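Engineer: The following block contains the structure, expressed as structure tokens.
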Amino acid sequence: MAAAIDPLMSSPRSRPKDKGFRLDQVQLEAKIKQVVSRYGLKEEILDDDIDEKVRCKYVFVAGAVQKDKEQDQDYHLFRTYKPEKGRSGRTGPDPKSCKVWDAISATGAAKHFLKPYRFGRTTYFDENVPTPHPISRLALEEAQHLFGDKVPISIILNIGPGIPGDQDVQQLEQSAEGRITKLVRTFSWPNKKSLKQLLRRDTQVSSKSASDLEQGLEARIRTKLQEVYGPDGAERYYHLGPDFAASQLSLNDVSAIERTSESTREVLASSKGKIQDAARQYWVSTAC
């Protein structure tokens with residue numbers, strides 16, 4: 001599927017207006033429809049036939065609502081179930097009218113990856129990469145919406161990809177620019193509008209700042225759990241994912257991993273002759 005929706009790997013039919021994004025929204029939707037049809041799955045995200053014994057009875061994904069200027073980030077929930085009547089929960093589209101590809105396209109719409117996606121009267125787009133999102137808080141709020149403020153919770157497990165390194169983010173920024181744009185940017189003095197864009201890029205949230213924000217979100221969710229469930233409430237929260245490390249290699253630092261792999265290949269290539277000579281001497285001495 002990755003090859004089918006990556007404009008750099010797929011056919012030249014990708015539209016020029018989508019070149020600023022790594023993935024093609026139209027091809028993604030078409031591929032999802034193919035998978036749904038092939039395996040006879042339901043197109044709607046609402047699951048009315050769910051068995052009471054199923055452990056994952058309530059599933060939702062969160063879409064970042066495209067915001068205006070300094071507006072606080074808002075989220076809509078795409079639920080596979082009907083919201084409880086008479087209880088105030090976070091806004092979300094009607095599960096009856098929402099298809100699987102709508103939920104995936106809306107929640108996956110993010111800067112550099114997928115273009116903004118409009119569903120109903122709302123446009124979804126995460127334009128604050130690599131700023132983290134309060135997913136654990138949204139999950140706790142939804143659980144309380146469904147089962148009450150003191151919903152029995154054994155564990156909240158946050159499995160995330162971690163914060164990308166600054167160089168990875170810069171590469172994404174550069175990949176969003178066409179060749180002509182890069183050429184003009186290199187040899188032209190920026191006008192007022194492009195100068196503002198440059199300044200905005202320079203003041204973008206760094207990976208270290210994003211990591212600090214993520215730690216702040218974790219601290220707040222632990223505090224909330226402690227308030228609701230007592231002294232041991234904070235111990236119910238776990239975050240599995242690579243930690244951001246500015247001074248050492250991190251599992252989610254693609255650029256650093258690529259540099260390390262390239263350096264390893266260069267060392268092995270330069271040492272190939274020495275290794276072969278050492279192997280010959282070893283076998284000769286062993287045979288004698």
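Letters A, B, ... mark the chains of the structure tokens in the order given; residue numbers begin at 1 per chain; ligand numbers begin at 1, in order shown.
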Got a sec: who's within 8 Å of Arg222 (chain A), counting only C-alpha atoms, leaving out chain neighbours fewer than 6 positions off, as a list of chain:residue names?

Structural biologist: A:Gly233, A:Ala234, A:Glu235, A:Tyr237

Engineer: Could the residues in this selection be written to a file with N, CA, C and O atoms, as a short mmCIF file (atom, residue, chain, number, x, y, z; two decimals), in the first residue's frame?

Structural biologist:
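Contents of again_10.cif, as written:
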data_model
loop_
_atom_site.label_atom_id
_atom_site.label_comp_id
_atom_site.auth_asym_id
_atom_site.auth_seq_id
_atom_site.Cartn_x
_atom_site.Cartn_y
_atom_site.Cartn_z
N GLY A 233 -2.80 6.21 41.01
CA GLY A 233 -3.40 6.46 39.70
C GLY A 233 -2.37 6.73 38.63
O GLY A 233 -2.51 6.28 37.48
N ALA A 234 -1.31 7.46 38.98
CA ALA A 234 -0.28 7.80 37.99
C ALA A 234 0.43 6.57 37.45
O ALA A 234 0.93 6.57 36.32
N GLU A 235 0.46 5.51 38.25
CA GLU A 235 1.15 4.29 37.84
C GLU A 235 0.37 3.50 36.79
O GLU A 235 0.88 2.51 36.26
N TYR A 237 -0.50 4.69 33.95
CA TYR A 237 -0.17 5.23 32.62
C TYR A 237 1.20 4.74 32.18
O TYR A 237 2.18 4.84 32.92
#

Engineer: Which residues are close to region 205-210 of chain A, i.e. within 7 Å by only C-alpha atoms, leaving aside same-chain residues fewer than 5 positions away? Reply as a list of chain:residue names.

Structural biologist: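 Surrounding residues, per the criterion: A:Pro130, A:Thr131, A:Pro132, A:Ile163, A:Pro164, A:Gly165, A:Asp166.
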
Engineer: May I have the residues from that selection written out with all heavy atoms, as a PDB file, in the first residue's frame?

Structural biologist:
ATOM      1  N   PRO A 130       6.463  18.851  14.378  1.00  0.00           N
ATOM      2  CA  PRO A 130       6.305  17.576  15.084  1.00  0.00           C
ATOM      3  C   PRO A 130       5.651  17.706  16.466  1.00  0.00           C
ATOM      4  O   PRO A 130       5.919  16.898  17.348  1.00  0.00           O
ATOM      5  CB  PRO A 130       7.757  17.132  15.237  1.00  0.00           C
ATOM      6  CG  PRO A 130       8.492  18.417  15.495  1.00  0.00           C
ATOM      7  CD  PRO A 130       7.781  19.461  14.673  1.00  0.00           C
ATOM      8  N   THR A 131       4.825  18.733  16.674  1.00  0.00           N
ATOM      9  CA  THR A 131       4.188  18.919  17.974  1.00  0.00           C
ATOM     10  C   THR A 131       3.296  17.722  18.316  1.00  0.00           C
ATOM     11  O   THR A 131       2.482  17.302  17.490  1.00  0.00           O
ATOM     12  CB  THR A 131       3.337  20.199  17.969  1.00  0.00           C
ATOM     13  OG1 THR A 131       4.172  21.312  17.643  1.00  0.00           O
ATOM     14  CG2 THR A 131       2.707  20.433  19.329  1.00  0.00           C
ATOM     15  N   PRO A 132       3.420  17.156  19.519  1.00  0.00           N
ATOM     16  CA  PRO A 132       2.612  15.985  19.896  1.00  0.00           C
ATOM     17  C   PRO A 132       1.166  16.366  20.197  1.00  0.00           C
ATOM     18  O   PRO A 132       0.844  17.538  20.404  1.00  0.00           O
ATOM     19  CB  PRO A 132       3.320  15.466  21.153  1.00  0.00           C
ATOM     20  CG  PRO A 132       3.936  16.694  21.756  1.00  0.00           C
ATOM     21  CD  PRO A 132       4.360  17.547  20.595  1.00  0.00           C
ATOM     22  N   ILE A 163       9.187  11.560  18.990  1.00  0.00           N
ATOM     23  CA  ILE A 163       9.419  12.842  18.325  1.00  0.00           C
ATOM     24  C   ILE A 163      10.534  12.692  17.294  1.00  0.00           C
ATOM     25  O   ILE A 163      11.621  12.216  17.617  1.00  0.00           O
ATOM     26  CB  ILE A 163       9.810  13.924  19.351  1.00  0.00           C
ATOM     27  CG1 ILE A 163       8.731  14.042  20.439  1.00  0.00           C
ATOM     28  CG2 ILE A 163      10.027  15.260  18.662  1.00  0.00           C
ATOM     29  CD1 ILE A 163       7.379  14.473  19.932  1.00  0.00           C
ATOM     30  N   PRO A 164      10.299  13.081  16.038  1.00  0.00           N
ATOM     31  CA  PRO A 164      11.352  12.981  15.022  1.00  0.00           C
ATOM     32  C   PRO A 164      12.459  13.994  15.270  1.00  0.00           C
ATOM     33  O   PRO A 164      12.250  15.026  15.908  1.00  0.00           O
ATOM     34  CB  PRO A 164      10.607  13.278  13.715  1.00  0.00           C
ATOM     35  CG  PRO A 164       9.467  14.147  14.136  1.00  0.00           C
ATOM     36  CD  PRO A 164       9.054  13.645  15.490  1.00  0.00           C
ATOM     37  N   GLY A 165      13.636  13.703  14.755  1.00  0.00           N
ATOM     38  CA  GLY A 165      14.760  14.619  14.891  1.00  0.00           C
ATOM     39  C   GLY A 165      14.592  15.844  14.012  1.00  0.00           C
ATOM     40  O   GLY A 165      13.824  15.847  13.050  1.00  0.00           O
ATOM     41  N   ASP A 166      15.328  16.916  14.338  1.00  0.00           N
ATOM     42  CA  ASP A 166      15.228  18.161  13.577  1.00  0.00           C
ATOM     43  C   ASP A 166      15.580  17.958  12.107  1.00  0.00           C
ATOM     44  O   ASP A 166      14.943  18.529  11.218  1.00  0.00           O
ATOM     45  CB  ASP A 166      16.155  19.227  14.182  1.00  0.00           C
ATOM     46  CG  ASP A 166      15.606  19.788  15.489  1.00  0.00           C
ATOM     47  OD1 ASP A 166      14.372  19.891  15.609  1.00  0.00           O
ATOM     48  OD2 ASP A 166      16.403  20.122  16.379  1.00  0.00           O
TER      49      ASP A 166
END

Engineer: Skipping near chain neighbours, those fewer than 4 positions away, what residues fall within 9 Å of region 99-114 of chain A using only C-alpha atoms, listed as a PyMOL selection string?

Structural biologist: chain A and resi 18+20-25+28-30+32-33+36+42-46+61-65+78-79+95+118-119+123-129+172-173+175-176

Engineer: Taking the DSSP assignment computed from this structure's backbone, write out as a PyMOL selection string all residues of region 85-149 of chain A that belong to alpha helix (DSSP H).

Structural biologist: chain A and resi 100-108+135-147

Engineer: Of the residues A:Thr122, A:Gln281, A:Gln170, A:Asn158, which is the one nearest to Gln66 (chain A), using only C-alpha atoms?

Structural biologist: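 Among A:Thr122, A:Gln281, A:Gln170, A:Asn158, it is A:Thr122 that comes nearest to Gln66 (chain A).
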
Engineer: Taking into account only C-alpha atoms, which residue in the set A:Pro242, A:Pro93, A:Pro134, A:Pro152 is nearest to Tyr229 (chain A)?

Structural biologist: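 Checking each candidate against Tyr229 (chain A), we get A:Pro152 as the closest.
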
Engineer: Please compute the CA of Thr80 (chain A)-CA of Tyr58 (chain A) distance, one decimal, in Å.

Structural biologist: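 Going from CA of Thr80 (chain A) over to CA of Tyr58 (chain A), I get 6.6 Å.
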
Engineer: So that I can check the secondary structure, give me every residue of region 22-123 of chain A assigned strand (DSSP E) by backbone DSSP, as a list in words.

Structural biologist: Phe60, Val61, Ala62, Gly63, Ala64, Val65, Asp74, Tyr75, His76, Leu77, Phe78, Arg79, Tyr117, Arg118, Phe119, Thr122 and Thr123 of chain A

Engineer: Let me see the file: selected residues, C-alpha atoms, as a short mmCIF file (atom, residue, chain, number, x, y, z; two decimals), in the first residue's frame.

Structural biologist:
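Listed below is the output, result-v8.cif:
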data_model
loop_
_atom_site.label_atom_id
_atom_site.label_comp_id
_atom_site.auth_asym_id
_atom_site.auth_seq_id
_atom_site.Cartn_x
_atom_site.Cartn_y
_atom_site.Cartn_z
CA PHE A 60 -12.17 5.67 17.79
CA VAL A 61 -9.56 7.71 15.96
CA ALA A 62 -8.98 11.43 16.43
CA GLY A 63 -8.81 14.00 13.66
CA ALA A 64 -7.11 17.37 14.17
CA VAL A 65 -9.44 20.17 13.08
CA ASP A 74 -9.51 21.01 18.53
CA TYR A 75 -10.14 17.34 17.80
CA HIS A 76 -13.09 15.37 16.46
CA LEU A 77 -13.56 11.68 17.20
CA PHE A 78 -14.43 9.19 14.47
CA ARG A 79 -16.23 6.48 16.44
CA TYR A 117 -9.33 16.53 4.12
CA ARG A 118 -12.82 17.97 4.25
CA PHE A 119 -15.67 15.88 5.63
CA THR A 122 -15.10 20.44 8.77
CA THR A 123 -11.57 20.40 7.37
#

Engineer: Record the distance separating CA of Glu266 (chain A) and CA of Gln171 (chain A), expressed in Å with one decimal.

Structural biologist: 22.8 Å

Engineer: How far is it from CA of Lys150 (chain A) to CA of Glu84 (chain A), in Å with one decimal?

Structural biologist: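 Taking CA of Lys150 (chain A) and CA of Glu84 (chain A), their separation equals 16.4 Å.
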